[in-house]
Each structure stands twice: as C-alpha cells, then as structure tokens.
$ cat protein02.txt   # compact mmCIF, C-alpha atoms and all ligand atoms
# COMPACT_ATOMS: atom_id res chain seq x y z
CA MET A 1430 108.57 114.93 97.22
CA ARG A 1431 111.25 113.39 99.38
CA ILE A 1432 110.93 109.69 100.34
CA ASP A 1433 113.30 108.06 102.82
CA ILE A 1434 113.12 104.33 103.47
CA ILE A 1435 114.70 102.58 106.44
CA SER A 1436 115.20 98.81 106.22
CA ILE A 1437 117.63 96.03 107.17
CA PHE A 1438 117.44 94.89 103.51
CA PRO A 1439 118.17 97.97 101.38
CA GLN A 1440 118.51 95.77 98.26
CA TYR A 1441 114.80 94.98 98.49
CA LEU A 1442 114.14 98.56 97.43
CA GLU A 1443 116.30 98.50 94.29
CA PRO A 1444 113.29 98.19 91.93
CA LEU A 1445 112.51 101.81 92.78
CA ASN A 1446 115.24 102.73 90.29
CA LEU A 1447 113.32 101.12 87.41
CA SER A 1448 110.51 102.13 85.10
CA LEU A 1449 108.01 104.78 86.17
CA ILE A 1450 109.52 105.51 89.59
CA GLY A 1451 113.06 105.51 88.18
CA LYS A 1452 111.93 108.14 85.66
CA ALA A 1453 110.10 110.13 88.34
CA GLN A 1454 113.41 110.20 90.22
CA SER A 1455 115.43 111.28 87.17
CA SER A 1456 112.96 114.06 86.40
CA GLY A 1457 113.21 115.29 90.01
CA ARG A 1458 109.55 114.71 90.86
CA VAL A 1459 110.54 112.32 93.65
CA ASP A 1460 113.80 112.11 95.53
CA ILE A 1461 114.21 108.65 97.11
CA ALA A 1462 116.91 107.58 99.58
CA VAL A 1463 117.25 104.13 101.16
CA HIS A 1464 118.97 103.71 104.56
CA ASP A 1465 120.33 100.58 106.21
CA LEU A 1466 119.05 100.25 109.78
CA ARG A 1467 122.08 98.14 110.75
CA ALA A 1468 124.34 101.12 110.07
CA GLN A 1469 122.93 102.54 113.33
CA THR A 1470 124.04 99.63 115.49
CA THR A 1471 127.24 99.83 117.55
CA ASP A 1472 127.66 96.25 118.82
CA ARG A 1473 129.78 93.57 117.17
CA HIS A 1474 126.76 91.62 115.88
CA ASN A 1475 124.84 94.65 114.59
CA THR A 1476 121.88 93.62 116.70
CA VAL A 1477 118.49 95.03 115.69
CA ASP A 1478 116.14 92.70 117.61
CA ASP A 1479 115.49 90.87 120.86
CA SER A 1480 112.87 88.53 122.36
CA PRO A 1481 109.42 89.95 123.20
CA TYR A 1482 108.50 90.96 126.76
CA GLY A 1483 105.64 88.81 127.92
CA GLY A 1484 106.89 85.85 125.91
CA GLY A 1485 105.66 84.52 122.61
CA PRO A 1486 107.21 83.53 119.34
CA GLY A 1487 109.53 85.59 117.16
CA MET A 1488 111.66 88.64 117.78
CA VAL A 1489 110.89 92.35 118.21
CA MET A 1490 112.96 95.14 116.68
CA LEU A 1491 114.82 97.35 119.17
CA ALA A 1492 113.59 100.93 119.54
CA GLN A 1493 117.05 102.57 119.78
CA PRO A 1494 118.43 101.78 116.28
CA TRP A 1495 115.10 102.96 114.84
CA LEU A 1496 115.21 106.27 116.69
CA ASP A 1497 118.86 106.78 115.69
CA ALA A 1498 118.00 106.01 112.06
CA LEU A 1499 115.02 108.37 112.12
CA GLU A 1500 117.11 111.18 113.60
CA ASN A 1501 119.79 110.67 110.94
CA VAL A 1502 117.25 110.66 108.14
CA VAL A 1503 115.60 113.84 109.35
CA GLU A 1504 119.00 115.53 109.76
CA GLN A 1505 120.28 114.42 106.35
CA SER A 1506 117.19 115.10 104.27
CA PRO A 1507 116.72 118.46 102.57
CA LYS A 1508 115.07 121.00 104.86
CA ILE A 1509 111.34 120.63 104.48
CA SER A 1510 108.88 122.86 106.26
CA THR A 1511 106.17 120.31 107.04
CA ARG A 1512 106.43 117.54 109.60
CA PRO A 1513 107.40 114.25 107.95
CA ARG A 1514 104.88 111.42 107.88
CA LEU A 1515 106.34 108.15 109.14
CA VAL A 1516 104.64 105.42 107.13
CA VAL A 1517 104.80 102.05 108.87
CA PRO A 1518 103.77 99.14 106.67
CA THR A 1519 102.09 96.62 108.99
CA PRO A 1520 99.15 94.24 108.85
CA SER A 1521 97.76 96.14 111.86
CA GLY A 1522 97.34 99.43 109.97
CA ARG A 1523 94.51 101.10 108.05
CA VAL A 1524 93.93 99.35 104.75
CA PHE A 1525 95.64 101.04 101.79
CA THR A 1526 93.38 102.44 99.07
CA GLN A 1527 93.65 104.64 96.00
CA ALA A 1528 92.32 107.52 98.13
CA ILE A 1529 95.20 107.04 100.60
CA ALA A 1530 97.66 106.94 97.67
CA GLY A 1531 96.32 110.36 96.65
CA GLU A 1532 96.61 111.62 100.22
CA LEU A 1533 100.24 110.48 100.54
CA ALA A 1534 101.09 111.94 97.12
CA GLN A 1535 100.43 115.40 98.57
CA GLU A 1536 102.97 115.08 101.37
CA GLU A 1537 106.36 116.76 101.08
CA HIS A 1538 108.30 114.20 103.10
CA LEU A 1539 107.49 110.52 103.70
CA ILE A 1540 109.69 108.22 105.76
CA PHE A 1541 109.00 104.49 105.48
CA ALA A 1542 109.93 102.31 108.48
CA CYS A 1543 110.12 98.76 107.10
CA GLY A 1544 109.96 96.45 110.09
CA ARG A 1545 110.73 92.72 110.04
CA TYR A 1546 110.06 89.89 112.50
CA GLU A 1547 107.10 90.62 114.82
CA GLY A 1548 107.47 94.39 114.39
CA ILE A 1549 109.10 97.36 116.17
CA ASP A 1550 109.06 98.11 119.92
CA GLU A 1551 106.06 100.42 120.42
CA ARG A 1552 108.11 102.93 122.41
CA PHE A 1553 109.92 103.96 119.22
CA PHE A 1554 106.62 105.32 117.90
CA GLN A 1555 105.82 107.02 121.21
CA GLN A 1556 109.20 108.73 121.09
CA ALA A 1557 108.88 109.69 117.43
CA VAL A 1558 105.55 111.45 117.85
CA GLN A 1559 105.65 114.89 119.37
CA GLY A 1560 104.40 114.80 122.96
CA GLY A 1561 104.50 111.01 123.04
CA GLN A 1562 103.39 109.86 126.47
CA GLY A 1563 105.22 107.62 128.86
CA VAL A 1564 108.65 108.11 127.34
CA ASN A 1565 111.97 108.97 128.97
CA ALA A 1566 113.11 112.52 129.56
CA ASN A 1567 115.53 112.49 126.61
CA VAL A 1568 112.89 113.31 123.98
CA ASN A 1569 114.72 114.55 120.93
CA ALA A 1570 112.86 117.67 119.94
CA ASN A 1571 114.27 117.49 116.39
CA VAL A 1572 112.35 114.39 115.53
CA THR A 1573 108.63 114.69 115.52
CA VAL A 1574 106.69 112.83 112.91
CA ASP A 1575 103.11 111.79 112.27
CA VAL A 1576 102.88 108.01 112.45
CA ASP A 1577 100.70 106.35 109.80
CA ARG A 1578 100.39 102.56 110.04
CA ILE A 1579 99.28 101.13 106.69
CA SER A 1580 98.34 97.58 105.68
CA ILE A 1581 98.28 96.55 102.03
CA GLY A 1582 95.72 93.82 102.72
CA ASP A 1583 94.54 91.11 105.05
CA PHE A 1584 97.57 88.85 104.79
CA VAL A 1585 100.97 88.77 106.47
CA LEU A 1586 104.24 89.43 104.63
CA ALA A 1587 107.70 88.69 106.00
CA GLY A 1588 108.48 92.39 106.32
CA GLY A 1589 107.46 95.88 105.30
CA GLU A 1590 109.71 96.26 102.23
CA VAL A 1591 107.36 94.77 99.63
CA ALA A 1592 104.45 96.73 101.10
CA ALA A 1593 106.54 99.92 100.92
CA LEU A 1594 107.21 99.20 97.22
CA VAL A 1595 103.49 98.80 96.63
CA ILE A 1596 102.57 102.00 98.46
CA ILE A 1597 105.35 104.04 96.83
CA GLU A 1598 104.45 102.85 93.32
CA ALA A 1599 100.77 103.66 93.84
CA LEU A 1600 101.42 107.13 95.25
CA THR A 1601 104.14 108.06 92.74
CA ARG A 1602 101.95 107.44 89.71
CA VAL A 1603 99.34 109.90 90.99
CA ILE A 1604 101.87 112.71 91.54
CA PRO A 1605 101.00 115.31 88.87
CA GLY A 1606 103.32 115.01 85.86
CA VAL A 1607 104.56 111.49 86.58
CA LEU A 1608 102.24 109.92 84.02
CA GLY A 1609 101.93 111.47 80.57
CA ASN A 1610 98.92 113.72 79.89
CA ASP A 1611 97.17 111.03 77.90
CA GLU A 1612 97.38 108.53 80.74
CA SER A 1613 94.76 109.98 83.03
CA VAL A 1614 94.52 108.52 86.51
CA THR A 1615 90.91 109.62 86.90
CA ASP A 1616 89.64 106.64 84.85
CA ASP A 1617 91.52 104.11 86.99
CA SER A 1618 89.73 101.58 89.15
CA PHE A 1619 88.91 103.17 92.56
CA ALA A 1620 89.97 106.66 91.40
CA PRO A 1621 88.27 109.24 93.62
CA GLY A 1622 85.36 110.64 91.63
CA ALA A 1623 83.20 108.68 89.19
CA MET A 1624 85.30 105.48 89.55
CA GLN A 1625 85.59 105.46 93.34
CA TYR A 1626 83.32 102.42 93.80
CA LEU A 1627 84.17 100.68 90.54
CA VAL A 1628 86.86 98.54 88.92
CA GLU A 1629 87.66 98.91 85.23
CA GLY A 1630 86.12 96.61 82.65
CA PRO A 1631 87.78 94.76 79.75
CA ILE A 1632 90.20 96.46 77.33
CA TYR A 1633 91.36 95.52 73.81
CA THR A 1634 94.08 96.28 71.26
CA LYS A 1635 94.93 95.22 67.68
CA PRO A 1636 94.14 93.11 65.71
CA ALA A 1637 90.34 93.68 65.55
CA THR A 1638 89.85 89.92 65.19
CA TRP A 1639 92.15 87.54 67.03
CA GLN A 1640 91.78 83.74 67.16
CA GLY A 1641 88.15 84.19 66.05
CA HIS A 1642 87.37 86.71 68.84
CA ASP A 1643 86.16 90.13 67.66
CA VAL A 1644 86.67 93.40 69.46
CA PRO A 1645 83.27 94.74 70.66
CA GLU A 1646 81.89 96.74 67.73
CA VAL A 1647 81.28 99.94 69.67
CA LEU A 1648 85.04 100.31 70.25
CA VAL A 1649 85.68 100.65 66.52
CA SER A 1650 82.64 102.88 65.92
CA GLY A 1651 84.43 106.20 66.56
CA ASP A 1652 81.42 107.30 68.65
CA HIS A 1653 83.18 108.63 71.77
CA ALA A 1654 80.05 109.08 73.86
CA ALA A 1655 78.88 105.54 73.06
CA ILE A 1656 82.34 104.18 73.89
CA ALA A 1657 82.42 106.01 77.24
CA ARG A 1658 78.95 104.69 78.08
CA TRP A 1659 79.87 101.12 77.07
CA ARG A 1660 83.03 101.25 79.18
CA ARG A 1661 81.10 102.46 82.18
CA ASP A 1662 78.47 99.72 81.75
CA GLN A 1663 81.22 97.10 81.57
CA SER A 1664 82.82 98.56 84.63
CA LEU A 1665 79.54 98.37 86.56
CA LEU A 1666 78.95 94.76 85.49
CA ARG A 1667 82.48 93.65 86.33
CA THR A 1668 82.33 95.34 89.72
CA ILE A 1669 79.11 93.50 90.55
CA ALA A 1670 80.75 90.23 89.51
CA VAL A 1671 84.10 90.57 91.28
CA ARG A 1672 83.71 93.29 93.95
CA PRO A 1673 80.07 93.51 95.08
CA ASP A 1674 81.42 94.89 98.39
CA LEU A 1675 82.33 98.12 96.55
CA ILE A 1676 78.74 98.64 95.37
CA GLN A 1677 77.47 97.66 98.79
CA GLY A 1678 79.64 100.40 100.33
CA SER A 1679 78.32 103.07 97.93
CA SER A 1680 75.02 104.90 97.75
CA ALA A 1681 72.73 105.70 94.81
CA GLU A 1682 74.08 109.29 94.58
CA GLN A 1683 77.32 107.94 93.19
CA PHE A 1684 75.51 106.75 90.05
CA ASP A 1685 73.58 108.38 87.21
CA ASP A 1686 70.21 107.14 85.95
CA HIS A 1687 71.77 104.96 83.29
CA ASP A 1688 74.16 103.43 85.85
CA LEU A 1689 71.17 102.64 88.07
CA GLN A 1690 69.40 100.95 85.15
CA VAL A 1691 72.47 98.79 84.47
CA LEU A 1692 72.71 97.89 88.14
CA ALA A 1693 68.97 97.12 88.23
CA SER A 1694 69.32 94.88 85.18
CA ALA A 1695 71.92 92.94 87.16
CA GLY A 1696 69.56 92.69 90.13
CA TRP A 1697 70.86 95.61 92.27
CA THR A 1698 68.42 98.31 93.37
CA PHE A 1699 68.83 101.03 95.97
CA SER A 1700 65.89 101.30 98.31
CA GLN A 1701 65.43 103.04 101.67
CA GLY A 1702 69.09 103.92 102.00
CA ARG A 1703 70.57 100.55 101.12
CA TRP A 1704 71.29 98.22 98.25
CA VAL A 1705 68.97 95.26 97.74
CA HIS A 1706 69.96 92.44 95.41
N1 LIG B 1 103.99 93.72 106.76
C1 LIG B 1 103.63 92.44 106.88
N2 LIG B 1 102.42 92.24 106.36
C2 LIG B 1 101.99 93.43 105.87
C3 LIG B 1 100.82 93.88 105.22
N3 LIG B 1 99.80 93.07 104.96
N4 LIG B 1 100.73 95.16 104.86
C4 LIG B 1 101.73 96.00 105.14
N5 LIG B 1 102.87 95.65 105.76
C5 LIG B 1 102.99 94.38 106.12
$ encode --input "protein02.txt" --output "structure tokens"
Amino acid sequence: MRIDIISIFPQYLEPLNLSLIGKAQSSGRVDIAVHDLRAQTTDRHNTVDDSPYGGGPGMVMLAQPWLDALENVVEQSPKISTRPRLVVPTPSGRVFTQAIAGELAQEEHLIFACGRYEGIDERFFQQAVQGGQGVNANVNANVTVDVDRISIGDFVLAGGEVAALVIIEALTRVIPGVLGNDESVTDDSFAPGAMQYLVEGPIYTKPATWQGHDVPEVLVSGDHAAIARWRRDQSLLRTIAVRPDLIQGSSAEQFDDHDLQVLASAGWTFSQGRWVH
C-alpha cells in the first residue's frame, strides 16, 4: 500500500519511521511519503491560509496549494490502478473505528490531507472529486479522488497530523503480514467478528504471584477451552462496566448462550429486540 501525507509540519509524521510502521515500511508492506504543503506556495511568505468568508475566528487554508500538492502527489506516486482515497482527518468526519481501519487497510493508495487552523476551503474537495459541482472550468482530469472525512473522536485537535498518525497506525497493524502470526488481530477489542461489540478483559504475565496478587488460576491450568471461556466472560463484564454503549448497539445474535447468561448475571437481558438492564 502507498500512503502519501500532506502537511505544513512534516516533522510531525516522523514517528512513522519507528517500531511497527517503520518495520512495515522496511519490509515493503507500506510505502509512506510525507510532503510539505508549503513547498507548493509561490509567494514570499509561503502563504497557506487566509481569513474566512462570512467572518468568524481563525484562518482557513487556501484551496490552491492543496490542489497543487494533490496533483504533485498523484503524479509522483507509483502508478496505481485504483482511484486514491483522500483521507481528511477532521472533527466533522465519520467516527473512526476498527472496522474503518480494516476498510482502509484494503486500499492501494491513501492520501492524507492534514489541515490546520479552521480547516481547508471546501472548493478544494469539490475540485478533487471527479465531477465536483460548482467548480471552475479548469478541472484537472488527472486528479480524481474519493474524499473520506474521518474524526478520531469527539474532541478538537490543533491539526490533522496526530489524527493521521492514529489512523495510519491502526490500519497498518491490520495489513496481513504486518503483525507476526502469533499476534492475531481477531482477538482485539472491536475486531470485526466475535469481538466487534466488546473490549478485551485483563491480562497477566510472570511472576504468578506479585505483591500478594495471584494470577487467576484458570490461566495456569493449561485448559485452553476454559481459558478462552474465562477471557470472553471477562471481556463481557469489562464491556458492561466501561462501554455499555457497545452492548446497547448490539443484538442478541452476536452472543452465544453462555455469553447471554453472563450478561444476564450482570443484569442485561435482550427482550423484544432491545437490551433491558
Ligand atoms: N482534527 C482536529 N480534531 C480532529 C479529530 N477529532 N479527529 C480528526 N482530525 C481532527
């Protein structure tokens, strides 16, 4: 997968050379390039923003440097058959989830547009999408992308760079081969499948007794089925405690009979199409 990132602070993206993503780059599973938006400016002050039409606080990023940057990125990147997806980290996007990480991991070419200030002039997006309406006649036919606005949560950051790091880390680790075979992503919190509506429960390592606290006995029993069942029970109980909204958003079909008993013991029963607790 090819990932291009456009930002006025390229240094913000340096952590992508470390750890898991650094290794994914070295092994060729992802190919990441960071581009400085200011390199597209032609004026003496390298201007990338101006005041908002209609008034209001803050500054808005100019459409032209963004379109120039996007055109350059598309021209420079290796020829890829599918249309790139332009990911725009913004609080006014769809909320990022593990399912979206999996969706993005299947793309061949992602371009991240990391805005700052109040955001980017909307006409840049109109121009970047094929058949964008209300734009000037000089549509550049080379650059057509799918725009995907993504929020990493209900809070406001100073810019899209940190959100891009979050999204890229989450999607890279679910690319096949990035994690070792023994580090399955299917048991993760929120993983599509049996964990979709659950967070993981507690985990332990050596020593078996630490500061007077023992590891739960089942974990040293060697009984794999019992361990799997215990882990799932813990996961159900922790989800009820910290993320009841996840259970609320699920239906009884997502759970087996034992799950439903555990949920019932914690006061959650599914009746007439909804959870009662
Ligand atoms: N930029 C600023 N705040 C953001 C958020 N919550 N998610 C994604 N990008 C952002």
$ residues_around --input "protein02.txt" --residues "A:Glu1547" --least-positions-apart "4" --cutoff "12 Å" --atoms "only C-alpha atoms" --output "PDB file with C-alpha atoms, keeping the file's coordinate frame"
ATOM      1  CA  ASP A1478     116.140  92.700 117.610  1.00  0.00           C
ATOM      2  CA  ASP A1479     115.490  90.870 120.860  1.00  0.00           C
ATOM      3  CA  SER A1480     112.870  88.530 122.360  1.00  0.00           C
ATOM      4  CA  PRO A1481     109.420  89.950 123.200  1.00  0.00           C
ATOM      5  CA  GLY A1485     105.660  84.520 122.610  1.00  0.00           C
ATOM      6  CA  PRO A1486     107.210  83.530 119.340  1.00  0.00           C
ATOM      7  CA  GLY A1487     109.530  85.590 117.160  1.00  0.00           C
ATOM      8  CA  MET A1488     111.660  88.640 117.780  1.00  0.00           C
ATOM      9  CA  VAL A1489     110.890  92.350 118.210  1.00  0.00           C
ATOM     10  CA  MET A1490     112.960  95.140 116.680  1.00  0.00           C
ATOM     11  CA  LEU A1491     114.820  97.350 119.170  1.00  0.00           C
ATOM     12  CA  THR A1519     102.090  96.620 108.990  1.00  0.00           C
ATOM     13  CA  PRO A1520      99.150  94.240 108.850  1.00  0.00           C
ATOM     14  CA  SER A1521      97.760  96.140 111.860  1.00  0.00           C
ATOM     15  CA  CYS A1543     110.120  98.760 107.100  1.00  0.00           C
ATOM     16  CA  GLU A1551     106.060 100.420 120.420  1.00  0.00           C
ATOM     17  CA  VAL A1585     100.970  88.770 106.470  1.00  0.00           C
ATOM     18  CA  LEU A1586     104.240  89.430 104.630  1.00  0.00           C
ATOM     19  CA  ALA A1587     107.700  88.690 106.000  1.00  0.00           C
ATOM     20  CA  GLY A1588     108.480  92.390 106.320  1.00  0.00           C
ATOM     21  CA  GLY A1589     107.460  95.880 105.300  1.00  0.00           C
TER      22      GLY A1589
END
$ closest_residue --input "protein02.txt" --among "A:Gln1469, A:Thr1634, A:Thr1526, A:Gln1683" --to "ligand LIG 1 (chain B)" --atoms "all atoms listed in the file"
A:Thr1526
$ closest_atom_pairs --input "protein02.txt" --of "chain A" --to "ligand LIG 1 (chain B)" --cutoff "12 Å" --atoms "all atoms listed in the file" --output "tab-separated table"
residue	atom	partner	partner_atom	distance
A:Val1516	CA	B:LIG1	N5	10.0
A:Val1517	CA	B:LIG1	N5	7.4
A:Pro1518	CA	B:LIG1	N5	3.7
A:Thr1519	CA	B:LIG1	N5	3.5
A:Pro1520	CA	B:LIG1	C3	4.0
A:Ser1521	CA	B:LIG1	C3	7.7
A:Gly1522	CA	B:LIG1	C4	7.4
A:Arg1523	CA	B:LIG1	N4	9.2
A:Val1524	CA	B:LIG1	N4	8.0
A:Phe1525	CA	B:LIG1	N4	8.4
A:Thr1526	CA	B:LIG1	N4	11.9
A:Phe1541	CA	B:LIG1	N5	10.8
A:Ala1542	CA	B:LIG1	N5	10.1
A:Cys1543	CA	B:LIG1	N1	7.9
A:Gly1544	CA	B:LIG1	N1	7.4
A:Arg1545	CA	B:LIG1	N1	7.6
A:Tyr1546	CA	B:LIG1	C1	8.9
A:Glu1547	CA	B:LIG1	C1	8.9
A:Gly1548	CA	B:LIG1	N1	8.4
A:Ile1549	CA	B:LIG1	N1	11.3
A:Asp1577	CA	B:LIG1	C4	11.4
A:Arg1578	CA	B:LIG1	C4	8.3
A:Ile1579	CA	B:LIG1	C4	5.9
A:Ser1580	CA	B:LIG1	N4	3.5
A:Ile1581	CA	B:LIG1	N4	4.0
A:Gly1582	CA	B:LIG1	N3	4.7
A:Asp1583	CA	B:LIG1	N3	5.6
A:Phe1584	CA	B:LIG1	N3	4.8
A:Val1585	CA	B:LIG1	N2	3.8
A:Leu1586	CA	B:LIG1	N2	3.8
A:Ala1587	CA	B:LIG1	C1	5.6
A:Gly1588	CA	B:LIG1	N1	4.7
A:Gly1589	CA	B:LIG1	N1	4.3
A:Glu1590	CA	B:LIG1	N5	7.7
A:Val1591	CA	B:LIG1	N5	7.6
A:Ala1592	CA	B:LIG1	C4	4.9
A:Ala1593	CA	B:LIG1	N5	7.4
A:Leu1594	CA	B:LIG1	C4	10.1
A:Val1595	CA	B:LIG1	C4	9.1
A:Ile1596	CA	B:LIG1	C4	9.0
$ closest_residue --input "protein02.txt" --among "A:Ile1604, A:Ile1632, A:Ala1498, A:Ile1437" --to "A:Asn1475" --atoms "all atoms listed in the file"
A:Ile1437
$ residues_near_point --input "protein02.txt" --point "(105.3, 115.3, 102.3)" --cutoff "8 Å" --atoms "all atoms listed in the file" --output "list of chain:residue names"
A:Met1430, A:Arg1431, A:Thr1511, A:Arg1512, A:Pro1513, A:Arg1514, A:Leu1533, A:Ala1534, A:Gln1535, A:Glu1536, A:Glu1537, A:His1538, A:Leu1539
$ write_last_selection --input "protein02.txt" --atoms "C-alpha atoms" --output "mmCIF file, in the coordinates of the input"
data_model
loop_
_atom_site.group_PDB
_atom_site.id
_atom_site.type_symbol
_atom_site.label_atom_id
_atom_site.label_comp_id
_atom_site.auth_asym_id
_atom_site.auth_seq_id
_atom_site.Cartn_x
_atom_site.Cartn_y
_atom_site.Cartn_z
ATOM 1 C CA MET A 1430 108.570 114.930 97.220
ATOM 2 C CA ARG A 1431 111.250 113.390 99.380
ATOM 3 C CA THR A 1511 106.170 120.310 107.040
ATOM 4 C CA ARG A 1512 106.430 117.540 109.600
ATOM 5 C CA PRO A 1513 107.400 114.250 107.950
ATOM 6 C CA ARG A 1514 104.880 111.420 107.880
ATOM 7 C CA LEU A 1533 100.240 110.480 100.540
ATOM 8 C CA ALA A 1534 101.090 111.940 97.120
ATOM 9 C CA GLN A 1535 100.430 115.400 98.570
ATOM 10 C CA GLU A 1536 102.970 115.080 101.370
ATOM 11 C CA GLU A 1537 106.360 116.760 101.080
ATOM 12 C CA HIS A 1538 108.300 114.200 103.100
ATOM 13 C CA LEU A 1539 107.490 110.520 103.700
#
$ closest_residue --input "protein02.txt" --among "A:Gly1531, A:Trp1659, A:Gly1484, A:Leu1499" --to "A:Glu1646" --atoms "only C-alpha atoms"
A:Trp1659
$ closest_residue --input "protein02.txt" --among "A:Leu1496, A:Asn1446, A:Gly1483, A:Glu1682" --to "A:Leu1466" --atoms "all atoms listed in the file"
A:Leu1496
$ closest_residue --input "protein02.txt" --among "A:Ala1637, A:Ser1679, A:Asp1616, A:Ser1694" --to "A:Ala1657" --atoms "only C-alpha atoms"
A:Asp1616
$ residues_around --input "protein02.txt" --residues "A:Glu1598" --least-positions-apart "5" --cutoff "10 Å" --atoms "all atoms listed in the file" --output "ChimeraX atom specification"
/A:1445,1449-1450,1530,1592-1593,1603
$ write_last_selection --input "protein02.txt" --atoms "C-alpha atoms" --output "PDB file, in the frame of the given file"
ATOM      1  CA  LEU A1445     112.510 101.810  92.780  1.00  0.00           C
ATOM      2  CA  LEU A1449     108.010 104.780  86.170  1.00  0.00           C
ATOM      3  CA  ILE A1450     109.520 105.510  89.590  1.00  0.00           C
ATOM      4  CA  ALA A1530      97.660 106.940  97.670  1.00  0.00           C
ATOM      5  CA  ALA A1592     104.450  96.730 101.100  1.00  0.00           C
ATOM      6  CA  ALA A1593     106.540  99.920 100.920  1.00  0.00           C
ATOM      7  CA  VAL A1603      99.340 109.900  90.990  1.00  0.00           C
TER       8      VAL A1603
END
$ atom_distance --input "protein02.txt" --atom1 "atom CA of A:Ser1613" --atom2 "atom CA of A:Leu1692"
25.7 Å
$ atom_distance --input "protein02.txt" --atom1 "atom CA of A:Asp1617" --atom2 "atom CA of A:Lys1635"
21.5 Å
$ atom_distance --input "protein02.txt" --atom1 "atom CA of A:Gln1527" --atom2 "atom CA of A:Tyr1626"
10.8 Å
$ residues_near_point --input "protein02.txt" --point "(112.4, 113.7, 96.5)" --cutoff "9 Å" --atoms "only C-alpha atoms" --output "PyMOL selection string"
chain A and resi 1430-1433+1454+1457-1462+1507+1537-1538
$ closest_residue --input "protein02.txt" --among "A:Val1463, A:Val1574, A:Ala1670, A:Ile1529" --to "A:Ala1599" --atoms "only C-alpha atoms"
A:Ile1529
$ residues_around --input "protein02.txt" --residues "A:Leu1675" --least-positions-apart "6" --cutoff "10 Å" --atoms "all atoms listed in the file" --output "list in words"
Phe1619, Gln1625, Tyr1626, Leu1627, Val1628, Thr1668 and Ile1669 of chain A
